[in-house]
Structure formats: structure tokens, C-alpha cells
$ cat model.cif   # mmCIF, C-alpha atoms
data_model
#
loop_
_atom_site.group_PDB
_atom_site.id
_atom_site.type_symbol
_atom_site.label_atom_id
_atom_site.label_comp_id
_atom_site.auth_asym_id
_atom_site.auth_seq_id
_atom_site.Cartn_x
_atom_site.Cartn_y
_atom_site.Cartn_z
ATOM 1 C CA MET A 28 26.911 61.624 -14.865
ATOM 2 C CA ILE A 29 27.170 65.124 -13.486
ATOM 3 C CA ASP A 30 27.463 68.255 -15.633
ATOM 4 C CA ILE A 31 28.681 71.087 -13.409
ATOM 5 C CA THR A 32 29.012 73.555 -16.275
ATOM 6 C CA LYS A 33 25.453 73.474 -17.571
ATOM 7 C CA GLY A 34 23.060 72.575 -14.762
ATOM 8 C CA SER A 35 20.074 72.573 -17.073
ATOM 9 C CA HIS A 36 19.147 68.916 -17.313
ATOM 10 C CA VAL A 37 15.583 67.707 -16.845
ATOM 11 C CA VAL A 38 14.577 66.735 -13.326
ATOM 12 C CA SER A 39 12.163 63.817 -13.376
ATOM 13 C CA PHE A 40 10.577 61.189 -11.187
ATOM 14 C CA PRO A 41 8.400 58.196 -12.149
ATOM 15 C CA SER A 42 5.684 59.271 -9.702
ATOM 16 C CA LYS A 43 3.124 56.627 -10.660
ATOM 17 C CA VAL A 44 4.705 54.327 -13.254
ATOM 18 C CA ALA A 45 3.292 50.840 -12.730
ATOM 19 C CA SER A 46 6.313 48.991 -14.163
ATOM 20 C CA MET A 47 8.693 50.794 -11.787
ATOM 21 C CA MET A 48 6.466 49.857 -8.837
ATOM 22 C CA GLY A 49 6.500 46.178 -9.835
ATOM 23 C CA GLN A 50 2.811 46.199 -10.756
ATOM 24 C CA TYR A 51 2.792 45.786 -14.533
ATOM 25 C CA SER A 52 5.141 44.853 -17.363
ATOM 26 C CA HIS A 53 8.912 45.282 -17.199
ATOM 27 C CA VAL A 54 11.786 47.588 -16.374
ATOM 28 C CA TYR A 55 14.553 46.987 -18.910
ATOM 29 C CA ASN A 56 18.210 47.909 -18.775
ATOM 30 C CA ILE A 57 18.699 50.257 -21.721
ATOM 31 C CA VAL A 58 22.175 50.845 -23.176
ATOM 32 C CA LEU A 59 22.009 54.518 -24.058
ATOM 33 C CA GLN A 60 23.019 55.476 -27.586
ATOM 34 C CA ALA A 61 23.139 59.199 -26.742
ATOM 35 C CA ASP A 62 23.292 61.412 -23.645
ATOM 36 C CA THR A 63 19.791 61.212 -22.157
ATOM 37 C CA ASP A 64 18.112 63.134 -19.348
ATOM 38 C CA ASN A 65 15.857 61.374 -16.868
ATOM 39 C CA GLY A 66 12.207 61.443 -17.917
ATOM 40 C CA MET A 67 12.898 61.153 -21.640
ATOM 41 C CA LEU A 68 11.069 58.530 -23.662
ATOM 42 C CA ALA A 69 12.693 55.683 -25.580
ATOM 43 C CA GLY A 70 11.886 52.506 -27.413
ATOM 44 C CA ARG A 71 13.368 49.092 -26.717
ATOM 45 C CA GLY A 72 15.931 48.477 -29.444
ATOM 46 C CA ASP A 73 18.104 45.512 -30.331
ATOM 47 C CA TYR A 74 19.059 42.886 -27.768
ATOM 48 C CA VAL A 75 22.555 43.385 -26.276
ATOM 49 C CA SER A 76 22.821 40.755 -23.522
ATOM 50 C CA PHE A 77 20.742 39.422 -20.651
ATOM 51 C CA ASP A 78 18.065 42.050 -19.907
ATOM 52 C CA GLN A 79 19.959 44.732 -21.838
ATOM 53 C CA TYR A 80 18.644 46.380 -24.989
ATOM 54 C CA GLU A 81 19.825 49.294 -27.075
ATOM 55 C CA GLN A 82 18.015 52.613 -26.809
ATOM 56 C CA ALA A 83 15.702 53.222 -29.767
ATOM 57 C CA ALA A 84 13.547 56.189 -30.754
ATOM 58 C CA PRO A 85 10.114 56.091 -29.102
ATOM 59 C CA SER A 86 6.873 55.908 -31.025
ATOM 60 C CA ASP A 87 5.356 59.203 -32.135
ATOM 61 C CA GLU A 88 2.002 57.933 -30.832
ATOM 62 C CA PHE A 89 2.687 58.915 -27.209
ATOM 63 C CA ALA A 90 0.101 61.320 -25.812
ATOM 64 C CA GLY A 91 -0.253 62.794 -22.354
ATOM 65 C CA ARG A 92 -1.934 65.496 -20.328
ATOM 66 C CA ILE A 93 -0.435 67.893 -17.800
ATOM 67 C CA ASN A 94 -2.513 67.302 -14.677
ATOM 68 C CA GLU A 95 -1.092 69.842 -12.241
ATOM 69 C CA GLN A 96 2.017 71.469 -10.857
ATOM 70 C CA ALA A 97 3.737 69.675 -7.981
ATOM 71 C CA ALA A 98 4.734 71.465 -4.769
ATOM 72 C CA ASN A 99 8.379 71.419 -5.937
ATOM 73 C CA GLY A 100 7.523 73.306 -9.162
ATOM 74 C CA ASN A 101 7.660 70.293 -11.479
ATOM 75 C CA TRP A 102 4.660 69.135 -13.534
ATOM 76 C CA TYR A 103 2.721 65.867 -13.415
ATOM 77 C CA VAL A 104 2.155 64.382 -16.883
ATOM 78 C CA GLU A 105 -0.354 61.539 -17.178
ATOM 79 C CA VAL A 106 -0.055 59.106 -20.093
ATOM 80 C CA THR A 107 -3.308 59.192 -22.100
ATOM 81 C CA ALA A 108 -2.445 57.172 -25.241
ATOM 82 C CA LEU A 109 0.252 54.764 -26.418
ATOM 83 C CA PRO A 110 0.770 52.672 -29.555
ATOM 84 C CA ALA A 111 -0.923 49.278 -29.394
ATOM 85 C CA ASP A 112 1.982 47.307 -30.871
ATOM 86 C CA GLU A 113 5.081 48.986 -29.432
ATOM 87 C CA GLU A 114 6.511 49.589 -25.962
ATOM 88 C CA VAL A 115 7.265 53.156 -24.877
ATOM 89 C CA LEU A 116 9.773 53.433 -22.028
ATOM 90 C CA VAL A 117 10.564 56.256 -19.631
ATOM 91 C CA ILE A 118 14.294 56.534 -18.857
ATOM 92 C CA TYR A 119 15.135 56.999 -15.194
ATOM 93 C CA ASN A 120 18.167 56.484 -12.977
ATOM 94 C CA ALA A 121 18.249 57.943 -9.476
ATOM 95 C CA ALA A 122 20.482 61.028 -9.413
ATOM 96 C CA ILE A 123 23.021 60.217 -6.698
ATOM 97 C CA SER A 124 25.877 62.663 -6.375
ATOM 98 C CA PRO A 125 29.362 61.411 -5.578
ATOM 99 C CA TYR A 126 30.041 64.823 -3.973
ATOM 100 C CA SER A 127 29.160 65.877 -0.445
ATOM 101 C CA GLU A 128 28.833 69.591 -1.301
ATOM 102 C CA ARG A 129 25.198 70.666 -1.448
ATOM 103 C CA GLU A 130 25.583 72.625 -4.709
ATOM 104 C CA PHE A 131 26.696 69.403 -6.463
ATOM 105 C CA GLN A 132 23.591 67.503 -5.364
ATOM 106 C CA ASP A 133 21.124 69.510 -7.461
ATOM 107 C CA GLU A 134 19.274 66.992 -9.666
ATOM 108 C CA SER A 135 19.338 69.407 -12.621
ATOM 109 C CA LEU A 136 23.090 68.734 -12.926
ATOM 110 C CA PHE A 137 22.583 65.030 -13.703
ATOM 111 C CA TYR A 138 22.148 63.170 -16.976
ATOM 112 C CA ASN A 139 22.739 59.642 -18.246
ATOM 113 C CA ALA A 140 25.745 59.518 -20.598
ATOM 114 C CA ALA A 141 25.887 57.645 -23.888
ATOM 115 C CA GLY A 142 27.128 54.090 -23.309
ATOM 116 C CA GLU A 143 25.768 53.944 -19.766
ATOM 117 C CA VAL A 144 22.915 51.652 -18.797
ATOM 118 C CA ALA A 145 19.710 53.261 -17.508
ATOM 119 C CA GLN A 146 16.386 51.857 -16.370
ATOM 120 C CA GLY A 147 13.623 51.934 -18.966
ATOM 121 C CA GLY A 148 10.193 51.499 -17.403
ATOM 122 C CA VAL A 149 7.408 50.386 -19.750
ATOM 123 C CA LEU A 150 4.605 52.944 -19.712
ATOM 124 C CA CYS A 151 0.897 52.226 -19.679
ATOM 125 C CA VAL A 152 -2.107 54.543 -19.928
ATOM 126 C CA GLY A 153 -2.684 56.198 -16.557
ATOM 127 C CA ASP A 154 0.974 56.307 -15.519
ATOM 128 C CA VAL A 155 2.237 59.664 -14.220
ATOM 129 C CA ILE A 156 5.704 61.145 -14.762
ATOM 130 C CA GLU A 157 6.931 64.222 -12.903
ATOM 131 C CA LEU A 158 8.954 66.579 -15.134
ATOM 132 C CA SER A 159 10.720 69.902 -14.629
ATOM 133 C CA GLU A 160 9.830 72.933 -16.737
ATOM 134 C CA ASN A 161 12.828 72.497 -19.074
ATOM 135 C CA ALA A 162 11.406 69.179 -20.332
ATOM 136 C CA PHE A 163 8.762 71.098 -22.319
ATOM 137 C CA THR A 164 8.378 73.417 -25.273
ATOM 138 C CA GLY A 165 5.277 75.589 -25.373
ATOM 139 C CA THR A 166 3.246 77.214 -22.629
ATOM 140 C CA ILE A 167 2.861 74.836 -19.702
ATOM 141 C CA ALA A 168 -0.585 74.763 -18.101
ATOM 142 C CA ALA A 169 -2.658 72.204 -16.241
ATOM 143 C CA GLY A 170 -5.027 70.470 -18.648
ATOM 144 C CA SER A 171 -2.751 70.896 -21.679
ATOM 145 C CA ALA A 172 -2.114 67.968 -24.010
ATOM 146 C CA VAL A 173 1.471 66.868 -24.604
ATOM 147 C CA SER A 174 3.288 64.771 -27.170
ATOM 148 C CA PHE A 175 6.981 63.839 -27.373
ATOM 149 C CA ASP A 176 9.462 64.826 -30.068
ATOM 150 C CA SER A 177 12.309 62.297 -30.133
ATOM 151 C CA SER A 178 14.497 64.538 -32.306
ATOM 152 C CA THR A 179 14.481 67.459 -29.830
ATOM 153 C CA LYS A 180 13.978 65.253 -26.741
ATOM 154 C CA LYS A 181 11.225 67.581 -25.521
ATOM 155 C CA TYR A 182 7.595 67.205 -24.536
ATOM 156 C CA ILE A 183 5.522 69.423 -26.832
ATOM 157 C CA VAL A 184 2.686 71.288 -25.081
ATOM 158 C CA SER A 185 -0.424 71.942 -27.153
ATOM 159 C CA ALA A 186 -3.888 73.315 -26.428
ATOM 160 C CA ILE A 187 -5.775 72.435 -23.286
ATOM 161 C CA SER A 188 -7.367 69.021 -23.782
ATOM 162 C CA GLY A 189 -11.069 68.421 -23.322
#

$ encode --input "model.cif" --output "C-alpha cells"
Amino acid sequence: MIDITKGSHVVSFPSKVASMMGQYSHVYNIVLQADTDNGMLAGRGDYVSFDQYEQAAPSDEFAGRINEQAANGNWYVEVTALPADEEVLVIYNAAISPYSEREFQDESLFYNAAGEVAQGGVLCVGDVIELSENAFTGTIAAGSAVSFDSSTKKYIVSAISG
């Protein structure tokens, strides 16, 4: 979906997510229960139909670290901890504009609307997600620890990790 009035959606890319590269685990089709930006985390909810599951809230046990800033201004977040008994998924659909005008091809205009189906790649420790600045709350800096707040749909930046 494109939102030409706001233009403030998270820009994301699954830079090094093993499941999305066909190396480990699964990529599920997630029926979104709410509007969801790319790069947000989710759980795998109830079964809908073949390879489709409802979007569920992710575990609060996700932990990551901001490794560095990418050349495009986004930030690389490496997964450092996940719950042992629950899958955590990263939501991602390629932002493809139906418009030929350049100003309507900005990835920050795109989001996944409630009711749509998006890819949910299972995360594992060591995976890296690229996220734009508006995905975070707190002061973004390389080496900082991050968690995810499913109620605000933001990555929470805390002190620099050791």
C-alpha cells in the first residue's frame, strides 16, 4: 500500500536474514491484523489456510545490537537473543510502486495494510535487518542494544552494549 499523505513509514531490508535467503527455517505468509511497516516484528498466530497464519504479537525476548550505519543512512541491527520456544518473524514485502513518477517510488511511502498478506521471515541469532531512523525510539548509535515494543511498533534503543 502507498500512503502519499504521510511518507513516514519505516524503510527496511532483510540484509542478512537466513530464512529469506533459503538457508534456515521458514518464510511464512502472514495475514496482517493491523497496518504494518516493513521491518516490524511479529509472531506466527493461528493457522488460516495453506502456509498462511495470522499476525500475532512478537515475544518481548527479542534483543539486538545496532552494528553500524549503512551508506544510505539506515542502520544495521543484528539479532543477539531470541526466545527458545517461540518464533520471531520480521515482516517484509518489497516496496514496488504502481506509479512511474519518481516521487511516488520513495520506500518511506509504503506500508502493508491490515488484511494483506506479507512475508514473515523467521529470525535467528546473527541475522541482520536494515532499518531507517524512524523505526527507533532513543538515541541511535553503533553498539547500542535494542529491544522491540510491540505496542508502539518501535525498536527501543538503550545503552551501548558491551

$ residues_around --input "model.cif" --residues "Cys151 in chain A" --least-positions-apart "3" --cutoff "12 Å" --atoms "all atoms listed in the file" --output "ChimeraX atom specification"
/A:43-47,50-53,89-91,105-111,113-117,148,154-156

$ closest_residue --input "model.cif" --among "A:Asp87, A:Arg92, A:Asn120, A:Phe175" --to "Val104 in chain A" --atoms "only C-alpha atoms"
A:Arg92

$ atom_distance --input "model.cif" --atom1 "CA of Gly165 in chain A" --atom2 "CA of Asn65 in chain A"
19.7 Å

$ resolve_selection --input "model.cif" --expression "the PyMOL selection byres ((chain A and resi 84) around 7)" --output "NGL selection string"
:A and (69-70 or 82-83 or 85-86 or 177)

$ resolve_selection --input "model.cif" --expression "the PyMOL selection byres ((chain A and resi 172) around 10)" --output "number ranges by chain"
A: 90-94, 104-107, 167-171, 173-174, 182-189

$ write_last_selection --input "model.cif" --atoms "C-alpha atoms" --output "mmCIF file, in the coordinates of the input"
data_model
loop_
_atom_site.group_PDB
_atom_site.id
_atom_site.type_symbol
_atom_site.label_atom_id
_atom_site.label_comp_id
_atom_site.auth_asym_id
_atom_site.auth_seq_id
_atom_site.Cartn_x
_atom_site.Cartn_y
_atom_site.Cartn_z
ATOM 1 C CA ALA A 90 0.101 61.320 -25.812
ATOM 2 C CA GLY A 91 -0.253 62.794 -22.354
ATOM 3 C CA ARG A 92 -1.934 65.496 -20.328
ATOM 4 C CA ILE A 93 -0.435 67.893 -17.800
ATOM 5 C CA ASN A 94 -2.513 67.302 -14.677
ATOM 6 C CA VAL A 104 2.155 64.382 -16.883
ATOM 7 C CA GLU A 105 -0.354 61.539 -17.178
ATOM 8 C CA VAL A 106 -0.055 59.106 -20.093
ATOM 9 C CA THR A 107 -3.308 59.192 -22.100
ATOM 10 C CA ILE A 167 2.861 74.836 -19.702
ATOM 11 C CA ALA A 168 -0.585 74.763 -18.101
ATOM 12 C CA ALA A 169 -2.658 72.204 -16.241
ATOM 13 C CA GLY A 170 -5.027 70.470 -18.648
ATOM 14 C CA SER A 171 -2.751 70.896 -21.679
ATOM 15 C CA VAL A 173 1.471 66.868 -24.604
ATOM 16 C CA SER A 174 3.288 64.771 -27.170
ATOM 17 C CA TYR A 182 7.595 67.205 -24.536
ATOM 18 C CA ILE A 183 5.522 69.423 -26.832
ATOM 19 C CA VAL A 184 2.686 71.288 -25.081
ATOM 20 C CA SER A 185 -0.424 71.942 -27.153
ATOM 21 C CA ALA A 186 -3.888 73.315 -26.428
ATOM 22 C CA ILE A 187 -5.775 72.435 -23.286
ATOM 23 C CA SER A 188 -7.367 69.021 -23.782
ATOM 24 C CA GLY A 189 -11.069 68.421 -23.322
#

$ atom_distance --input "model.cif" --atom1 "CA of Leu150 in chain A" --atom2 "CA of Gln96 in chain A"
20.7 Å

$ closest_residue --input "model.cif" --among "A:Thr63, A:Ser39, A:Ser159, A:Asn101" --to "Ala145 in chain A" --atoms "all atoms listed in the file"
A:Thr63

$ closest_residue --input "model.cif" --among "A:Ile118, A:Val152, A:Met48, A:Ala97" --to "Tyr138 in chain A" --atoms "only C-alpha atoms"
A:Ile118

$ axis_aligned_box --input "model.cif" --around "range 140-144 of chain A" --padding-each-side "3 Å" --output "JSON"
{"center_x": 25.0, "center_y": 55.6, "center_z": -21.3, "size_x": 10.2, "size_y": 13.9, "size_z": 11.1}

$ decode --input "model.cif" --residues "range 133-149 of chain A" --atoms "all heavy atoms" --output "PDB file, in the first residue's frame"
ATOM      1  N   ASP A 133       9.419   6.450  -3.497  1.00  0.00           N
ATOM      2  CA  ASP A 133      10.138   6.537  -2.233  1.00  0.00           C
ATOM      3  C   ASP A 133       9.627   5.443  -1.294  1.00  0.00           C
ATOM      4  O   ASP A 133       8.438   5.370  -1.006  1.00  0.00           O
ATOM      5  CB  ASP A 133       9.901   7.921  -1.621  1.00  0.00           C
ATOM      6  CG  ASP A 133      10.625   8.136  -0.307  1.00  0.00           C
ATOM      7  OD1 ASP A 133      11.051   7.163   0.340  1.00  0.00           O
ATOM      8  OD2 ASP A 133      10.751   9.306   0.088  1.00  0.00           O
ATOM      9  N   GLU A 134      10.529   4.582  -0.817  1.00  0.00           N
ATOM     10  CA  GLU A 134      10.112   3.452   0.028  1.00  0.00           C
ATOM     11  C   GLU A 134       9.463   3.881   1.332  1.00  0.00           C
ATOM     12  O   GLU A 134       8.709   3.113   1.930  1.00  0.00           O
ATOM     13  CB  GLU A 134      11.308   2.538   0.320  1.00  0.00           C
ATOM     14  CG  GLU A 134      11.707   1.712  -0.879  1.00  0.00           C
ATOM     15  CD  GLU A 134      12.771   0.695  -0.525  1.00  0.00           C
ATOM     16  OE1 GLU A 134      12.541  -0.102   0.399  1.00  0.00           O
ATOM     17  OE2 GLU A 134      13.818   0.705  -1.180  1.00  0.00           O
ATOM     18  N   SER A 135       9.705   5.105   1.786  1.00  0.00           N
ATOM     19  CA  SER A 135       9.096   5.565   3.039  1.00  0.00           C
ATOM     20  C   SER A 135       7.599   5.850   2.890  1.00  0.00           C
ATOM     21  O   SER A 135       6.934   6.145   3.875  1.00  0.00           O
ATOM     22  CB  SER A 135       9.818   6.791   3.580  1.00  0.00           C
ATOM     23  OG  SER A 135       9.561   7.921   2.775  1.00  0.00           O
ATOM     24  N   LEU A 136       7.067   5.750   1.695  1.00  0.00           N
ATOM     25  CA  LEU A 136       5.631   5.921   1.461  1.00  0.00           C
ATOM     26  C   LEU A 136       4.866   4.605   1.616  1.00  0.00           C
ATOM     27  O   LEU A 136       3.647   4.609   1.661  1.00  0.00           O
ATOM     28  CB  LEU A 136       5.375   6.459   0.048  1.00  0.00           C
ATOM     29  CG  LEU A 136       5.939   7.828  -0.294  1.00  0.00           C
ATOM     30  CD1 LEU A 136       5.724   8.118  -1.774  1.00  0.00           C
ATOM     31  CD2 LEU A 136       5.316   8.900   0.559  1.00  0.00           C
ATOM     32  N   PHE A 137       5.569   3.483   1.703  1.00  0.00           N
ATOM     33  CA  PHE A 137       4.928   2.172   1.636  1.00  0.00           C
ATOM     34  C   PHE A 137       4.726   1.525   2.997  1.00  0.00           C
ATOM     35  O   PHE A 137       5.564   1.632   3.883  1.00  0.00           O
ATOM     36  CB  PHE A 137       5.757   1.230   0.751  1.00  0.00           C
ATOM     37  CG  PHE A 137       5.728   1.630  -0.688  1.00  0.00           C
ATOM     38  CD1 PHE A 137       6.632   2.555  -1.176  1.00  0.00           C
ATOM     39  CD2 PHE A 137       4.781   1.114  -1.549  1.00  0.00           C
ATOM     40  CE1 PHE A 137       6.602   2.951  -2.491  1.00  0.00           C
ATOM     41  CE2 PHE A 137       4.740   1.500  -2.873  1.00  0.00           C
ATOM     42  CZ  PHE A 137       5.646   2.423  -3.346  1.00  0.00           C
ATOM     43  N   TYR A 138       3.618   0.837   3.126  1.00  0.00           N
ATOM     44  CA  TYR A 138       3.312   0.025   4.308  1.00  0.00           C
ATOM     45  C   TYR A 138       2.463  -1.152   3.849  1.00  0.00           C
ATOM     46  O   TYR A 138       1.987  -1.189   2.710  1.00  0.00           O
ATOM     47  CB  TYR A 138       2.590   0.849   5.380  1.00  0.00           C
ATOM     48  CG  TYR A 138       1.178   1.244   5.007  1.00  0.00           C
ATOM     49  CD1 TYR A 138       0.087   0.519   5.488  1.00  0.00           C
ATOM     50  CD2 TYR A 138       0.927   2.325   4.172  1.00  0.00           C
ATOM     51  CE1 TYR A 138      -1.212   0.871   5.146  1.00  0.00           C
ATOM     52  CE2 TYR A 138      -0.358   2.686   3.829  1.00  0.00           C
ATOM     53  CZ  TYR A 138      -1.430   1.960   4.319  1.00  0.00           C
ATOM     54  OH  TYR A 138      -2.708   2.299   3.980  1.00  0.00           O
ATOM     55  N   ASN A 139       2.295  -2.115   4.722  1.00  0.00           N
ATOM     56  CA  ASN A 139       1.471  -3.292   4.445  1.00  0.00           C
ATOM     57  C   ASN A 139       0.163  -3.106   5.206  1.00  0.00           C
ATOM     58  O   ASN A 139       0.167  -2.988   6.421  1.00  0.00           O
ATOM     59  CB  ASN A 139       2.198  -4.551   4.915  1.00  0.00           C
ATOM     60  CG  ASN A 139       3.560  -4.672   4.266  1.00  0.00           C
ATOM     61  OD1 ASN A 139       3.682  -4.794   3.073  1.00  0.00           O
ATOM     62  ND2 ASN A 139       4.608  -4.601   5.075  1.00  0.00           N
ATOM     63  N   ALA A 140      -0.957  -3.067   4.487  1.00  0.00           N
ATOM     64  CA  ALA A 140      -2.255  -2.766   5.091  1.00  0.00           C
ATOM     65  C   ALA A 140      -2.852  -3.988   5.799  1.00  0.00           C
ATOM     66  O   ALA A 140      -2.599  -5.135   5.409  1.00  0.00           O
ATOM     67  CB  ALA A 140      -3.221  -2.273   4.023  1.00  0.00           C
ATOM     68  N   ALA A 141      -3.647  -3.709   6.809  1.00  0.00           N
ATOM     69  CA  ALA A 141      -4.371  -4.769   7.512  1.00  0.00           C
ATOM     70  C   ALA A 141      -5.173  -5.579   6.500  1.00  0.00           C
ATOM     71  O   ALA A 141      -5.761  -5.025   5.574  1.00  0.00           O
ATOM     72  CB  ALA A 141      -5.300  -4.154   8.560  1.00  0.00           C
ATOM     73  N   GLY A 142      -5.157  -6.898   6.657  1.00  0.00           N
ATOM     74  CA  GLY A 142      -5.859  -7.797   5.743  1.00  0.00           C
ATOM     75  C   GLY A 142      -4.996  -8.302   4.599  1.00  0.00           C
ATOM     76  O   GLY A 142      -5.310  -9.318   3.993  1.00  0.00           O
ATOM     77  N   GLU A 143      -3.914  -7.578   4.292  1.00  0.00           N
ATOM     78  CA  GLU A 143      -2.997  -8.044   3.260  1.00  0.00           C
ATOM     79  C   GLU A 143      -2.147  -9.183   3.800  1.00  0.00           C
ATOM     80  O   GLU A 143      -2.069  -9.409   5.010  1.00  0.00           O
ATOM     81  CB  GLU A 143      -2.062  -6.911   2.803  1.00  0.00           C
ATOM     82  CG  GLU A 143      -2.731  -5.836   1.993  1.00  0.00           C
ATOM     83  CD  GLU A 143      -1.757  -4.776   1.496  1.00  0.00           C
ATOM     84  OE1 GLU A 143      -0.602  -4.727   1.988  1.00  0.00           O
ATOM     85  OE2 GLU A 143      -2.152  -3.982   0.636  1.00  0.00           O
ATOM     86  N   VAL A 144      -1.480  -9.873   2.892  1.00  0.00           N
ATOM     87  CA  VAL A 144      -0.569 -10.949   3.267  1.00  0.00           C
ATOM     88  C   VAL A 144       0.857 -10.457   3.016  1.00  0.00           C
ATOM     89  O   VAL A 144       1.166  -9.939   1.949  1.00  0.00           O
ATOM     90  CB  VAL A 144      -0.856 -12.227   2.454  1.00  0.00           C
ATOM     91  CG1 VAL A 144       0.156 -13.310   2.768  1.00  0.00           C
ATOM     92  CG2 VAL A 144      -2.272 -12.715   2.722  1.00  0.00           C
ATOM     93  N   ALA A 145       1.705 -10.589   4.034  1.00  0.00           N
ATOM     94  CA  ALA A 145       3.106 -10.184   3.926  1.00  0.00           C
ATOM     95  C   ALA A 145       3.996 -11.368   4.262  1.00  0.00           C
ATOM     96  O   ALA A 145       3.569 -12.312   4.926  1.00  0.00           O
ATOM     97  CB  ALA A 145       3.395  -9.020   4.876  1.00  0.00           C
ATOM     98  N   GLN A 146       5.235 -11.316   3.827  1.00  0.00           N
ATOM     99  CA  GLN A 146       6.196 -12.353   4.177  1.00  0.00           C
ATOM    100  C   GLN A 146       6.651 -12.149   5.615  1.00  0.00           C
ATOM    101  O   GLN A 146       6.896 -11.024   6.043  1.00  0.00           O
ATOM    102  CB  GLN A 146       7.416 -12.272   3.264  1.00  0.00           C
ATOM    103  CG  GLN A 146       7.127 -12.609   1.823  1.00  0.00           C
ATOM    104  CD  GLN A 146       8.401 -12.555   1.017  1.00  0.00           C
ATOM    105  OE1 GLN A 146       9.363 -13.261   1.312  1.00  0.00           O
ATOM    106  NE2 GLN A 146       8.413 -11.718   0.001  1.00  0.00           N
ATOM    107  N   GLY A 147       6.759 -13.244   6.338  1.00  0.00           N
ATOM    108  CA  GLY A 147       7.277 -13.227   7.704  1.00  0.00           C
ATOM    109  C   GLY A 147       8.452 -14.182   7.788  1.00  0.00           C
ATOM    110  O   GLY A 147       8.268 -15.401   7.831  1.00  0.00           O
ATOM    111  N   GLY A 148       9.660 -13.645   7.779  1.00  0.00           N
ATOM    112  CA  GLY A 148      10.863 -14.464   7.826  1.00  0.00           C
ATOM    113  C   GLY A 148      11.244 -14.776   9.261  1.00  0.00           C
ATOM    114  O   GLY A 148      11.364 -13.869  10.091  1.00  0.00           O
ATOM    115  N   VAL A 149      11.435 -16.059   9.566  1.00  0.00           N
ATOM    116  CA  VAL A 149      11.844 -16.467  10.913  1.00  0.00           C
ATOM    117  C   VAL A 149      13.261 -15.962  11.160  1.00  0.00           C
ATOM    118  O   VAL A 149      14.163 -16.164  10.347  1.00  0.00           O
ATOM    119  CB  VAL A 149      11.783 -18.005  11.063  1.00  0.00           C
ATOM    120  CG1 VAL A 149      12.315 -18.434  12.429  1.00  0.00           C
ATOM    121  CG2 VAL A 149      10.368 -18.509  10.844  1.00  0.00           C
TER     122      VAL A 149
END
